[in-house]
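*Asks:* Here's a structure for you.
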Amino acid sequence: MNETILVGMNDSPAARRAAEWAAQRASDRGDRLVLMSVVGGALGVVGEGAVVDDAVAVTRGHLERMAEELRGAEVRVTRGKPVEQLLAASENADLLVIGSDYRGTGSRVARGPHGVRIAAASSCPVVVVPQSDLSGRTGVVVGVDGSDLSEAAIRFAAAEADRQGEPLIAVTAWMPVTAPLGVITYPDDYRENAQRLAEEALGLSLAGLAQDYPDLQVRRIVEAGDPATLLNQVAAEARLAVVGSRGRGAVARFLLGSTSHDVLLALATATAVVR
């Protein structure tokens, strides 16, 4: 397809796994693969120029060796603040891939804010790849809430699932009304009606997929509960999860939306954030 996949690189195992994920996708699609690393942290002290030059040379050598292993990847090394440089580079990319060292709640590895910031402000879709082993997983999971954001996510997820010959798993969660100061009583048919309405809304969101992707297998999951928790539970066995983002800007949590934000904070699989 001759699109450009940009991979944000550092010296972590998670970044290498992200590069391998991106290389496989680029190979499958005939896309251009670019490995990018940013040398930052300059303080402006005397003699620092030589240190930065050495850091650039070492970084470039590391990327070139990895590019050779990945067969055909290009290498780009820049100077500055990593998040700002990656976001600027995303303007000329079709997909940005970054790694995450998050390995689950019991791993004692804390999620940092950089991945969320990049996913919120990138000019192109972002895939965050966890350090976890994803081999043997199947299916593309997409979160659906009836919004324009989820429509974009559905289109991206359906194309990915169809290309890979994987099932598309569409997930909708609905939250019952809660009373912050006490327990409320629900009518007998309240949950039944809420479930039915959510199922109907999901059906409307998926209308037209059969025409565009006649061979695509679609599974539907509709449950009561927290959307991010349900998405990550389903995604734990999936090859890819897809969520929507509100777009670019300075306040990452509110631009991503609380569900997308929380999905990234407890990453269950490679997760694409699209807008």
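Lettering and numbering for the structure tokens are positional, with chains as A, B, ... in the shown order, residues counted from 1 in each chain, and ligands counted from 1 in the shown order.
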Within 10 Å of Gly115 in chain A, counting only C-alpha atoms, which residues show up once you throw out same-chain ones fewer than 5 positions away? Write them as a ChimeraX atom specification, please.

*Replies:* /A:83,98-100,120,126-128,252,261,264-265

*Asks:* Produce a table with one row for each residue of range 81-165 of chain A that has an atom at most 9 Å from any atom of range 32-38 of chain A, each row naming the nearest atom pair and its distance in Å at one decimal; use only C-alpha atoms; arrange rows by chain and rising residue number; format as a tab-separated table.

*Replies:*
```
residue	atom	partner	partner_atom	distance
A:Lys81	CA	A:Val38	CA	7.2
A:Pro82	CA	A:Val38	CA	5.3
A:Val83	CA	A:Val38	CA	8.8
A:Gln85	CA	A:Val38	CA	7.1
A:Leu86	CA	A:Met36	CA	8.1
```

*Asks:* Write a file of the just-selected residues containing C-alpha atoms, as an mmCIF file, in the first residue's frame.

*Replies:*
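again.cif written:
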```cif
data_model
loop_
_atom_site.group_PDB
_atom_site.id
_atom_site.type_symbol
_atom_site.label_atom_id
_atom_site.label_comp_id
_atom_site.auth_asym_id
_atom_site.auth_seq_id
_atom_site.Cartn_x
_atom_site.Cartn_y
_atom_site.Cartn_z
ATOM 1 C CA LYS A 81 12.375 16.421 23.185
ATOM 2 C CA PRO A 82 11.259 12.877 22.251
ATOM 3 C CA VAL A 83 7.503 13.424 22.523
ATOM 4 C CA GLN A 85 9.823 15.178 17.856
ATOM 5 C CA LEU A 86 7.644 12.081 17.439
#
```

*Asks:* With distances taken over only C-alpha atoms, which residue among A:Leu87, A:Ala158, A:Ala238, A:Ala93 lies nearest Ala119 in chain A?

*Replies:*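 The shortest atom-to-atom distance to Ala119 in chain A comes from A:Leu87.
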
*Asks:* Just the residues within 7 Å of Gly143 in chain A, please, counting only C-alpha atoms, with nothing from its chain fewer than 5 positions along; format it as a list of chain:residue names.

*Replies:*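 So the residues in contact are A:Ser150, A:Ala170, A:Val171, A:Thr172, A:Leu231, A:Val242, A:Val243.
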
*Asks:* Would you mind reading off the distance between CA of Ala23 in chain A and CA of Thr4 in chain A, one decimal, in Å?

*Replies:* 11.2 Å

*Asks:* Could you check the closest approach to Ala18 in chain A for each of A:Glu237, A:Glu192, A:Asp101, A:Glu91 and tell me which residue wins, using only C-alpha atoms?

*Replies:* A:Asp101

*Asks:* Quick one, how far is CA of Arg117 in chain A from CA of Ala159 in chain A?

*Replies:*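 So the answer is 25.6 Å.
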
*Asks:* Smallest atom-to-atom distance to Ala272 in chain A: which of A:Glu199, A:Glu166, A:Glu68, A:Glu160, using only C-alpha atoms?

*Replies:*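 For Ala272 in chain A, the nearest of the candidates is A:Glu160.
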